[in-house]
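Note: the block below is structure04.pdb and it holds PDB, C-alpha atoms and all ligand atoms.
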```pdb
MODEL        1
ATOM      1  CA  MET A   1    -143.426 -39.386  65.043
ATOM      2  CA  LYS A   2    -139.647 -39.052  65.512
ATOM      3  CA  THR A   3    -137.374 -38.191  62.596
ATOM      4  CA  ALA A   4    -133.938 -39.794  62.229
ATOM      5  CA  LEU A   5    -131.149 -38.725  59.899
ATOM      6  CA  ILE A   6    -128.819 -41.611  59.084
ATOM      7  CA  THR A   7    -125.541 -41.070  57.243
ATOM      8  CA  GLY A   8    -124.189 -44.009  55.252
ATOM      9  CA  ALA A   9    -127.696 -45.414  54.789
ATOM     10  CA  THR A  10    -126.960 -47.044  51.415
ATOM     11  CA  SER A  11    -125.181 -50.095  52.799
ATOM     12  CA  GLY A  12    -124.335 -52.250  55.811
ATOM     13  CA  ILE A  13    -125.079 -50.916  59.276
ATOM     14  CA  GLY A  14    -126.771 -47.728  58.059
ATOM     15  CA  LYS A  15    -129.074 -49.557  55.668
ATOM     16  CA  ALA A  16    -130.075 -52.121  58.291
ATOM     17  CA  THR A  17    -130.765 -49.277  60.726
ATOM     18  CA  ALA A  18    -132.926 -47.496  58.151
ATOM     19  CA  GLU A  19    -134.919 -50.706  57.624
ATOM     20  CA  LEU A  20    -135.451 -51.295  61.344
ATOM     21  CA  PHE A  21    -136.339 -47.668  62.038
ATOM     22  CA  ALA A  22    -138.869 -47.804  59.166
ATOM     23  CA  GLU A  23    -140.465 -50.938  60.670
ATOM     24  CA  ASN A  24    -140.854 -48.952  63.878
ATOM     25  CA  GLY A  25    -142.469 -45.945  62.244
ATOM     26  CA  ILE A  26    -139.549 -43.543  62.539
ATOM     27  CA  ARG A  27    -139.535 -40.898  59.775
ATOM     28  CA  LEU A  28    -136.285 -41.092  57.829
ATOM     29  CA  VAL A  29    -133.759 -38.811  56.207
ATOM     30  CA  LEU A  30    -131.385 -41.195  54.451
ATOM     31  CA  CYS A  31    -127.971 -40.009  53.267
ATOM     32  CA  GLY A  32    -125.233 -41.391  51.056
ATOM     33  CA  ARG A  33    -123.496 -40.789  47.747
ATOM     34  CA  ARG A  34    -125.044 -43.591  45.672
ATOM     35  CA  VAL A  35    -128.244 -42.149  44.242
ATOM     36  CA  ALA A  36    -129.643 -45.416  42.849
ATOM     37  CA  ARG A  37    -129.414 -47.029  46.268
ATOM     38  CA  LEU A  38    -131.032 -44.038  47.935
ATOM     39  CA  GLU A  39    -133.891 -44.198  45.411
ATOM     40  CA  GLU A  40    -134.305 -47.934  45.993
ATOM     41  CA  LEU A  41    -134.486 -47.385  49.758
ATOM     42  CA  LYS A  42    -137.056 -44.651  49.304
ATOM     43  CA  ASN A  43    -139.174 -47.046  47.226
ATOM     44  CA  THR A  44    -138.876 -50.041  49.545
ATOM     45  CA  LEU A  45    -139.229 -48.206  52.865
ATOM     46  CA  GLY A  46    -141.706 -45.599  51.649
ATOM     47  CA  SER A  47    -144.643 -47.927  52.327
ATOM     48  CA  LYS A  48    -143.640 -48.163  56.003
ATOM     49  CA  THR A  49    -142.668 -44.602  56.856
ATOM     50  CA  GLU A  50    -142.018 -41.180  55.340
ATOM     51  CA  VAL A  51    -138.623 -41.108  53.639
ATOM     52  CA  HIS A  52    -136.533 -38.241  52.300
ATOM     53  CA  THR A  53    -133.132 -38.845  50.723
ATOM     54  CA  LEU A  54    -130.101 -36.588  50.594
ATOM     55  CA  ARG A  55    -127.164 -37.235  48.299
ATOM     56  CA  PHE A  56    -123.929 -35.711  49.565
ATOM     57  CA  ASP A  57    -120.367 -36.578  50.421
ATOM     58  CA  VAL A  58    -119.885 -36.078  54.173
ATOM     59  CA  ALA A  59    -116.330 -34.890  53.488
ATOM     60  CA  ASP A  60    -117.604 -31.991  51.372
ATOM     61  CA  ARG A  61    -118.269 -29.311  53.966
ATOM     62  CA  LYS A  62    -120.315 -27.059  51.657
ATOM     63  CA  ALA A  63    -122.413 -29.955  50.342
ATOM     64  CA  VAL A  64    -123.199 -31.139  53.881
ATOM     65  CA  PHE A  65    -124.627 -27.778  54.942
ATOM     66  CA  GLU A  66    -126.450 -27.228  51.636
ATOM     67  CA  ALA A  67    -128.076 -30.668  51.802
ATOM     68  CA  ILE A  68    -129.157 -30.430  55.429
ATOM     69  CA  ASN A  69    -130.376 -26.844  55.039
ATOM     70  CA  SER A  70    -132.453 -27.962  52.031
ATOM     71  CA  LEU A  71    -134.614 -30.359  54.047
ATOM     72  CA  PRO A  72    -138.343 -29.751  53.534
ATOM     73  CA  SER A  73    -140.189 -28.645  56.675
ATOM     74  CA  ASP A  74    -141.710 -32.112  57.286
ATOM     75  CA  PHE A  75    -138.218 -33.552  57.628
ATOM     76  CA  SER A  76    -136.229 -30.634  58.999
ATOM     77  CA  GLN A  77    -136.602 -31.394  62.709
ATOM     78  CA  ILE A  78    -134.046 -34.130  63.369
ATOM     79  CA  ASP A  79    -134.688 -35.973  66.629
ATOM     80  CA  ILE A  80    -132.104 -38.717  66.124
ATOM     81  CA  LEU A  81    -128.819 -38.309  64.258
ATOM     82  CA  VAL A  82    -126.937 -41.519  63.454
ATOM     83  CA  ASN A  83    -123.376 -40.580  62.474
ATOM     84  CA  ASN A  84    -122.543 -43.815  60.683
ATOM     85  CA  ALA A  85    -120.943 -42.953  57.295
ATOM     86  CA  GLY A  86    -117.354 -44.080  57.138
ATOM     87  CA  ASN A  87    -114.942 -46.707  55.989
ATOM     88  CA  ALA A  88    -111.393 -47.970  56.196
ATOM     89  CA  HIS A  89    -109.354 -47.249  53.065
ATOM     90  CA  GLY A  90    -106.426 -49.631  52.796
ATOM     91  CA  LEU A  91    -104.648 -51.775  55.380
ATOM     92  CA  ALA A  92    -100.940 -51.013  55.320
ATOM     93  CA  THR A  93     -98.025 -50.150  57.562
ATOM     94  CA  ILE A  94     -97.403 -46.512  58.321
ATOM     95  CA  GLN A  95     -94.370 -46.594  56.005
ATOM     96  CA  ASP A  96     -96.293 -48.096  53.083
ATOM     97  CA  GLY A  97     -99.690 -46.454  53.553
ATOM     98  CA  SER A  98    -101.155 -44.154  50.923
ATOM     99  CA  ILE A  99    -101.581 -40.503  51.842
ATOM    100  CA  ASP A 100    -104.762 -40.433  49.734
ATOM    101  CA  ASP A 101    -106.182 -43.233  51.883
ATOM    102  CA  TRP A 102    -105.191 -41.412  55.059
ATOM    103  CA  GLU A 103    -106.859 -38.236  53.880
ATOM    104  CA  ALA A 104    -110.018 -40.099  52.885
ATOM    105  CA  MET A 105    -110.328 -41.693  56.337
ATOM    106  CA  LEU A 106    -109.691 -38.492  58.244
ATOM    107  CA  ASP A 107    -111.905 -36.415  55.942
ATOM    108  CA  ILE A 108    -114.809 -38.869  55.953
ATOM    109  CA  ASN A 109    -114.699 -40.595  59.345
ATOM    110  CA  VAL A 110    -113.712 -37.568  61.413
ATOM    111  CA  LYS A 111    -114.363 -34.312  59.570
ATOM    112  CA  GLY A 112    -117.511 -35.671  57.899
ATOM    113  CA  LEU A 113    -118.961 -36.642  61.280
ATOM    114  CA  LEU A 114    -118.125 -33.164  62.588
ATOM    115  CA  TYR A 115    -119.700 -31.341  59.621
ATOM    116  CA  VAL A 116    -122.958 -33.295  59.848
ATOM    117  CA  SER A 117    -123.094 -32.834  63.620
ATOM    118  CA  LYS A 118    -122.407 -29.094  63.304
ATOM    119  CA  ALA A 119    -125.245 -28.775  60.791
ATOM    120  CA  ILE A 120    -127.756 -30.457  63.100
ATOM    121  CA  ILE A 121    -126.743 -29.657  66.686
ATOM    122  CA  PRO A 122    -128.047 -26.025  66.681
ATOM    123  CA  GLN A 123    -131.660 -27.117  66.178
ATOM    124  CA  MET A 124    -131.292 -29.742  68.936
ATOM    125  CA  ILE A 125    -129.909 -27.067  71.286
ATOM    126  CA  GLU A 126    -132.797 -24.772  70.395
ATOM    127  CA  ARG A 127    -135.307 -27.480  71.330
ATOM    128  CA  ASN A 128    -133.334 -28.837  74.310
ATOM    129  CA  ASP A 129    -133.895 -32.253  72.816
ATOM    130  CA  GLY A 130    -132.170 -34.755  70.562
ATOM    131  CA  PHE A 131    -130.169 -37.963  70.352
ATOM    132  CA  ILE A 132    -126.843 -38.406  68.595
ATOM    133  CA  VAL A 133    -125.448 -41.887  67.991
ATOM    134  CA  ASN A 134    -121.828 -41.976  66.862
ATOM    135  CA  ILE A 135    -120.622 -45.180  65.247
ATOM    136  CA  GLY A 136    -117.037 -45.736  66.332
ATOM    137  CA  SER A 137    -115.259 -49.074  66.211
ATOM    138  CA  ILE A 138    -113.189 -51.437  68.280
ATOM    139  CA  ALA A 139    -110.431 -49.866  66.151
ATOM    140  CA  GLY A 140    -110.947 -46.685  68.166
ATOM    141  CA  LYS A 141    -110.454 -48.535  71.431
ATOM    142  CA  GLU A 142    -107.438 -50.698  70.435
ATOM    143  CA  VAL A 143    -104.893 -50.288  67.675
ATOM    144  CA  TYR A 144    -103.784 -53.151  65.458
ATOM    145  CA  THR A 145    -100.965 -53.734  62.972
ATOM    146  CA  ASN A 146    -101.603 -51.871  59.702
ATOM    147  CA  GLY A 147    -104.651 -50.180  61.235
ATOM    148  CA  ASN A 148    -102.778 -46.942  62.052
ATOM    149  CA  VAL A 149    -104.834 -44.144  60.432
ATOM    150  CA  TYR A 150    -108.183 -45.973  60.473
ATOM    151  CA  CYS A 151    -107.612 -46.625  64.204
ATOM    152  CA  ALA A 152    -106.680 -42.960  64.649
ATOM    153  CA  SER A 153    -109.855 -41.850  62.882
ATOM    154  CA  LYS A 154    -112.025 -44.047  65.109
ATOM    155  CA  SER A 155    -110.080 -43.007  68.186
ATOM    156  CA  ALA A 156    -110.997 -39.448  67.212
ATOM    157  CA  VAL A 157    -114.659 -40.492  66.932
ATOM    158  CA  ASP A 158    -114.392 -41.956  70.439
ATOM    159  CA  ALA A 159    -112.959 -38.689  71.797
ATOM    160  CA  ILE A 160    -115.481 -36.528  69.937
ATOM    161  CA  ASN A 161    -118.316 -38.731  71.194
ATOM    162  CA  LYS A 162    -117.272 -38.334  74.836
ATOM    163  CA  SER A 163    -116.642 -34.628  74.532
ATOM    164  CA  MET A 164    -119.867 -34.031  72.607
ATOM    165  CA  ARG A 165    -121.788 -35.673  75.446
ATOM    166  CA  MET A 166    -120.239 -33.269  77.945
ATOM    167  CA  ASP A 167    -120.793 -30.178  75.804
ATOM    168  CA  LEU A 168    -124.422 -31.053  75.056
ATOM    169  CA  ASN A 169    -125.328 -32.262  78.527
ATOM    170  CA  ALA A 170    -126.735 -28.858  79.499
ATOM    171  CA  TYR A 171    -129.137 -29.043  76.548
ATOM    172  CA  LYS A 172    -130.639 -32.421  77.465
ATOM    173  CA  ILE A 173    -129.210 -33.953  74.300
ATOM    174  CA  ARG A 174    -128.220 -37.597  74.642
ATOM    175  CA  VAL A 175    -125.021 -38.799  72.957
ATOM    176  CA  ALA A 176    -124.071 -42.459  72.621
ATOM    177  CA  GLY A 177    -121.082 -44.207  71.075
ATOM    178  CA  ILE A 178    -121.408 -47.684  69.606
ATOM    179  CA  HIS A 179    -118.178 -49.520  68.828
ATOM    180  CA  PRO A 180    -118.539 -52.756  66.875
ATOM    181  CA  GLY A 181    -115.973 -55.423  66.186
ATOM    182  CA  LEU A 182    -116.208 -57.310  62.902
ATOM    183  CA  VAL A 183    -119.445 -56.680  61.003
ATOM    184  CA  GLU A 184    -120.010 -58.338  57.620
ATOM    185  CA  THR A 185    -120.896 -55.444  55.315
ATOM    186  CA  GLU A 186    -119.259 -53.784  52.313
ATOM    187  CA  PHE A 187    -116.615 -52.462  54.720
ATOM    188  CA  SER A 188    -113.858 -54.873  53.625
ATOM    189  CA  ASP A 189    -114.732 -54.451  49.918
ATOM    190  CA  VAL A 190    -114.012 -50.760  50.399
ATOM    191  CA  ARG A 191    -110.927 -51.357  52.558
ATOM    192  CA  PHE A 192    -109.462 -53.693  49.908
ATOM    193  CA  LYS A 193    -110.573 -51.483  47.006
ATOM    194  CA  GLY A 194    -112.983 -53.888  45.364
ATOM    195  CA  ASP A 195    -110.941 -57.078  45.930
ATOM    196  CA  THR A 196    -114.025 -59.047  46.956
ATOM    197  CA  ASP A 197    -112.154 -62.350  47.294
ATOM    198  CA  ARG A 198    -109.841 -60.821  49.883
ATOM    199  CA  ALA A 199    -112.764 -59.076  51.556
ATOM    200  CA  LYS A 200    -114.647 -62.372  51.943
ATOM    201  CA  THR A 201    -111.762 -63.959  53.845
ATOM    202  CA  VAL A 202    -112.234 -61.456  56.671
ATOM    203  CA  TYR A 203    -115.584 -63.037  57.521
ATOM    204  CA  GLN A 204    -114.760 -66.690  56.818
ATOM    205  CA  GLY A 205    -114.528 -69.409  59.474
ATOM    206  CA  TYR A 206    -116.815 -67.824  62.062
ATOM    207  CA  LYS A 207    -120.117 -65.967  62.283
ATOM    208  CA  ALA A 208    -119.431 -62.245  62.046
ATOM    209  CA  LEU A 209    -121.847 -59.608  63.296
ATOM    210  CA  GLN A 210    -124.390 -58.530  60.688
ATOM    211  CA  GLY A 211    -125.620 -55.015  59.979
ATOM    212  CA  GLU A 212    -128.949 -56.041  61.527
ATOM    213  CA  ASP A 213    -127.248 -56.827  64.862
ATOM    214  CA  ILE A 214    -125.905 -53.291  65.099
ATOM    215  CA  ALA A 215    -129.206 -51.815  63.907
ATOM    216  CA  ASP A 216    -130.957 -53.681  66.704
ATOM    217  CA  ILE A 217    -128.561 -52.157  69.252
ATOM    218  CA  ILE A 218    -128.913 -48.649  67.809
ATOM    219  CA  HIS A 219    -132.702 -48.960  67.971
ATOM    220  CA  PHE A 220    -132.527 -50.233  71.562
ATOM    221  CA  VAL A 221    -130.248 -47.357  72.559
ATOM    222  CA  VAL A 222    -132.473 -44.640  71.064
ATOM    223  CA  THR A 223    -135.699 -46.056  72.477
ATOM    224  CA  ARG A 224    -134.709 -46.077  76.175
ATOM    225  CA  PRO A 225    -136.697 -43.805  78.492
ATOM    226  CA  TYR A 226    -135.397 -40.238  78.580
ATOM    227  CA  HIS A 227    -133.486 -40.681  81.846
ATOM    228  CA  VAL A 228    -131.417 -43.575  80.383
ATOM    229  CA  ASN A 229    -128.380 -42.921  78.191
ATOM    230  CA  ILE A 230    -126.238 -45.870  77.155
ATOM    231  CA  GLU A 231    -123.132 -43.797  76.702
ATOM    232  CA  ASP A 232    -120.643 -46.280  75.270
ATOM    233  CA  LEU A 233    -121.069 -49.768  73.987
ATOM    234  CA  ILE A 234    -118.616 -52.282  72.522
ATOM    235  CA  VAL A 235    -120.041 -55.257  70.665
ATOM    236  CA  TYR A 236    -118.156 -58.236  69.234
ATOM    237  CA  PRO A 237    -119.196 -61.337  67.401
ATOM    238  CA  THR A 238    -118.901 -64.209  69.901
ATOM    239  CA  ALA A 239    -115.839 -65.506  68.040
ATOM    240  CA  GLN A 240    -113.967 -62.242  68.671
ATOM    241  CA  ALA A 241    -112.229 -61.363  71.948
ATOM    242  CA  SER A 242    -110.109 -58.360  70.966
ATOM    243  CA  ALA A 243    -109.441 -56.321  67.834
ATOM    244  CA  THR A 244    -107.119 -59.079  66.618
ATOM    245  CA  LEU A 245    -108.176 -62.258  68.462
ATOM    246  CA  ILE A 246    -110.750 -64.132  66.402
ATOM    247  CA  ASN A 247    -111.542 -67.791  66.960
ATOM    248  CA  LYS A 248    -112.071 -68.942  63.399
ATOM    249  CA  ASN A 249    -113.227 -72.367  64.550
ATOM    250  CA  LEU A 250    -116.423 -71.028  66.080
TER     251      LEU A 250
HETATM  252  P1  LIG A 301    -120.330 -50.128  54.414
HETATM  253  O1  LIG A 301    -119.175 -49.955  53.489
HETATM  254  O2  LIG A 301    -121.266 -51.253  54.163
HETATM  255  O3  LIG A 301    -121.157 -48.782  54.503
HETATM  256  C1  LIG A 301    -120.522 -47.528  54.552
HETATM  257  C2  LIG A 301    -121.565 -46.438  54.344
HETATM  258  O4  LIG A 301    -120.928 -45.171  54.491
HETATM  259  C3  LIG A 301    -122.195 -46.492  52.977
HETATM  260  O5  LIG A 301    -123.565 -46.268  53.067
HETATM  261  C4  LIG A 301    -121.518 -45.344  52.234
HETATM  262  O6  LIG A 301    -122.439 -44.766  51.311
HETATM  263  C5  LIG A 301    -121.244 -44.362  53.377
HETATM  264  N1  LIG A 301    -120.123 -43.493  53.061
HETATM  265  C6  LIG A 301    -118.825 -43.833  52.919
HETATM  266  N2  LIG A 301    -118.108 -42.770  52.556
HETATM  267  C7  LIG A 301    -118.958 -41.719  52.471
HETATM  268  C8  LIG A 301    -118.823 -40.351  52.130
HETATM  269  N3  LIG A 301    -117.629 -39.826  51.793
HETATM  270  N4  LIG A 301    -119.927 -39.561  52.136
HETATM  271  C9  LIG A 301    -121.120 -40.083  52.463
HETATM  272  N5  LIG A 301    -121.335 -41.361  52.790
HETATM  273  C10 LIG A 301    -120.251 -42.179  52.796
HETATM  274  O7  LIG A 301    -119.682 -50.263  55.867
HETATM  275  P2  LIG A 301    -120.342 -50.448  57.322
HETATM  276  O8  LIG A 301    -121.806 -50.454  57.285
HETATM  277  O9  LIG A 301    -119.632 -51.571  57.966
HETATM  278  O10 LIG A 301    -119.791 -49.108  58.004
HETATM  279  C11 LIG A 301    -120.606 -48.184  58.684
HETATM  280  C12 LIG A 301    -119.824 -47.601  59.853
HETATM  281  O11 LIG A 301    -119.519 -48.634  60.786
HETATM  282  C13 LIG A 301    -118.485 -46.960  59.467
HETATM  283  O12 LIG A 301    -118.320 -45.782  60.194
HETATM  284  C14 LIG A 301    -117.475 -48.018  59.882
HETATM  285  O13 LIG A 301    -116.219 -47.452  60.168
HETATM  286  C15 LIG A 301    -118.148 -48.567  61.127
HETATM  287  N6  LIG A 301    -117.709 -49.873  61.573
HETATM  288  C16 LIG A 301    -117.757 -50.949  60.734
HETATM  289  C17 LIG A 301    -117.325 -52.193  61.183
HETATM  290  C18 LIG A 301    -117.288 -53.408  60.299
HETATM  291  O14 LIG A 301    -116.599 -54.389  60.671
HETATM  292  N7  LIG A 301    -117.990 -53.430  59.181
HETATM  293  C19 LIG A 301    -116.886 -52.376  62.571
HETATM  294  C20 LIG A 301    -116.871 -51.181  63.348
HETATM  295  C21 LIG A 301    -117.292 -49.981  62.870
HETATM  296  P3  LIG A 301    -122.100 -44.268  49.832
HETATM  297  O15 LIG A 301    -120.974 -45.109  49.310
HETATM  298  O16 LIG A 301    -123.397 -44.409  49.090
HETATM  299  O17 LIG A 301    -121.708 -42.836  50.046
HETATM  300  C1  LIG A 302    -114.102 -52.146  61.613
HETATM  301  C2  LIG A 302    -113.606 -53.303  62.396
HETATM  302  O1  LIG A 302    -111.512 -54.580  63.089
HETATM  303  O2  LIG A 302    -111.666 -53.906  60.782
HETATM  304  O3  LIG A 302    -114.031 -50.964  62.308
HETATM  305  O4  LIG A 302    -111.219 -52.285  62.468
HETATM  306  S1  LIG A 302    -111.916 -53.498  62.175
ENDMDL
END
```
As structure tokens, the full file:
Amino acid sequence: MKTALITGATSGIGKATAELFAENGIRLVLCGRRVARLEELKNTLGSKTEVHTLRFDVADRKAVFEAINSLPSDFSQIDILVNNAGNAHGLATIQDGSIDDWEAMLDINVKGLLYVSKAIIPQMIERNDGFIVNIGSIAGKEVYTNGNVYCASKSAVDAINKSMRMDLNAYKIRVAGIHPGLVETEFSDVRFKGDTDRAKTVYQGYKALQGEDIADIIHFVVTRPYHVNIEDLIVYPTAQASATLINKNL
């Protein structure tokens, strides 16, 4: 039985991935900050697989290492790490953007991914085995107006993903980057700071990707035979053709 640690498992892509992994008998370590949601996931998925939850903020370096080092022995060998936790905070020009938002995105999307990876990579190196999936974004491949620091954070994820694959190649550890376009999750609620009406407009007029679509891809990627590594994958909803070109009539 493989064990997967998923960050950002309380919502959206991470939650859908936890559900699909549970269906497929993968043991789960589910991470996030919202305890009630973690408890609910443990209850609902616990009948399908073994589940352990960890509450920590990925941006809190000490908390990341304490949480991961506290894993009970049944859950401490991580075969699959899904670095998914992250969000956009705000959507503003560089001149109007909030420094707090910038720090949140860099601390969570970039440094958080690094802390979690640093806490888990040594055991993968020791075993010469492991799979790391980094969730980037189309925002890391193309910039768009007002995207500035979020795009920079995902561009950093793209660079870290590629470099991580090179550094870990000698240890037989597979590393894959998945870069979605528009996925209908709580992402825009967070970006627009709880303005749900504004958030809804992002996904109106076309069929956006769903968390389940990305979960399906993550599961496909991590279940290929050992000699196959899908190193980089961009996925759009059919209505989308670039970071900013969306056919809202579809
Ligand atoms: P959601 O807002 O639905 O989920 C974000 C998840 O990240 C939540 O589980 C949240 O958990 C967790 N998270 C956020 N901040 C922290 C933190 N500081 N510490 C720990 N966990 C944190 O968004 P998505 O599912 O859409 O986003 C998942 C990933 O996919 C992100 O990296 C995002 O950038 C990326 N992505 C999303 C796209 C989209 O259009 N939705 C497109 C491309 C990429 P909690 O609040 O409980 O901590
Ligand atoms: C999320 C997709 O287009 O809002 O990464 O940047 S986008």
Please, which residues have at least one atom within 6 Å of an atom of ligand LIG 302 (chain A), using only C-alpha atoms and all ligand atoms, listed as a list in words?
-> Ser137, Ala139, Gly181, Leu182 and Ala243 of chain A
Mind listing the residues within 8 Å of ligand LIG 301 (chain A), only C-alpha atoms and all ligand atoms counted, as a PyMOL selection string?
-> chain A and resi 7-15+31-35+37-38+55-60+83-88+104+107-109+112+135-139+154+179-190+209+211
For the structure provided, state which residues fall under the PyMOL selection byres (((chain A and resi 64-70) around 7) and not hetatm), and present them as a list in words.
-> Leu54, Phe56, Val58, Asp60, Arg61, Lys62, Ala63, Leu71, Pro72, Tyr115, Val116 and Ala119 of chain A
Go ahead and write the selection's residues with C-alpha atoms as a PDB file, in the coordinates of the input.
```
ATOM      1  CA  LEU A  54    -130.101 -36.588  50.594  1.00  0.00           C
ATOM      2  CA  PHE A  56    -123.929 -35.711  49.565  1.00  0.00           C
ATOM      3  CA  VAL A  58    -119.885 -36.078  54.173  1.00  0.00           C
ATOM      4  CA  ASP A  60    -117.604 -31.991  51.372  1.00  0.00           C
ATOM      5  CA  ARG A  61    -118.269 -29.311  53.966  1.00  0.00           C
ATOM      6  CA  LYS A  62    -120.315 -27.059  51.657  1.00  0.00           C
ATOM      7  CA  ALA A  63    -122.413 -29.955  50.342  1.00  0.00           C
ATOM      8  CA  LEU A  71    -134.614 -30.359  54.047  1.00  0.00           C
ATOM      9  CA  PRO A  72    -138.343 -29.751  53.534  1.00  0.00           C
ATOM     10  CA  TYR A 115    -119.700 -31.341  59.621  1.00  0.00           C
ATOM     11  CA  VAL A 116    -122.958 -33.295  59.848  1.00  0.00           C
ATOM     12  CA  ALA A 119    -125.245 -28.775  60.791  1.00  0.00           C
TER      13      ALA A 119
END
```
Could you list, as a PDB file with C-alpha atoms, keeping the file's coordinate frame, every residue matched by the PyMOL selection byres (((chain A and resi 82) around 7) and not hetatm) in this structure?
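Okay, part_21.pdb is ready:
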```pdb
ATOM      1  CA  LEU A   5    -131.149 -38.725  59.899  1.00  0.00           C
ATOM      2  CA  ILE A   6    -128.819 -41.611  59.084  1.00  0.00           C
ATOM      3  CA  THR A   7    -125.541 -41.070  57.243  1.00  0.00           C
ATOM      4  CA  ILE A  80    -132.104 -38.717  66.124  1.00  0.00           C
ATOM      5  CA  LEU A  81    -128.819 -38.309  64.258  1.00  0.00           C
ATOM      6  CA  ASN A  83    -123.376 -40.580  62.474  1.00  0.00           C
ATOM      7  CA  ASN A  84    -122.543 -43.815  60.683  1.00  0.00           C
ATOM      8  CA  ILE A 132    -126.843 -38.406  68.595  1.00  0.00           C
ATOM      9  CA  VAL A 133    -125.448 -41.887  67.991  1.00  0.00           C
ATOM     10  CA  ASN A 134    -121.828 -41.976  66.862  1.00  0.00           C
TER      11      ASN A 134
END
```
Could you tell me which residues the PyMOL selection byres (((chain A and resi 91) around 6) and not hetatm) grabs in this file, written as a list in words?
-> Gly90, Ala92 and Asn146 of chain A
By how many Å are CA of Ser153 in chain A and CA of Leu106 in chain A apart?
-> 5.7 Å
Within 9 Å of Ala4 in chain A, counting all atoms listed in the file, which residues show up once you throw out same-chain ones fewer than 4 positions away? Write them as number ranges by chain, please.
-> A: 18, 21, 26-30, 75, 77-82
Residues at most 8 Å from range 43-48 of chain A, counting all atoms listed in the file, excluding those fewer than 4 positions away in the same chain, as a PyMOL selection string?
-> chain A and resi 19+22-23+25+39
For Ala208 in chain A, the nearest of the candidates A:Ser155, A:Thr223, A:Ser76, A:Gln240, counting all atoms listed in the file = A:Gln240
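Atom pair CA of Thr238 in chain A / CA of Asp213 in chain A: separated by 12.2 Å.
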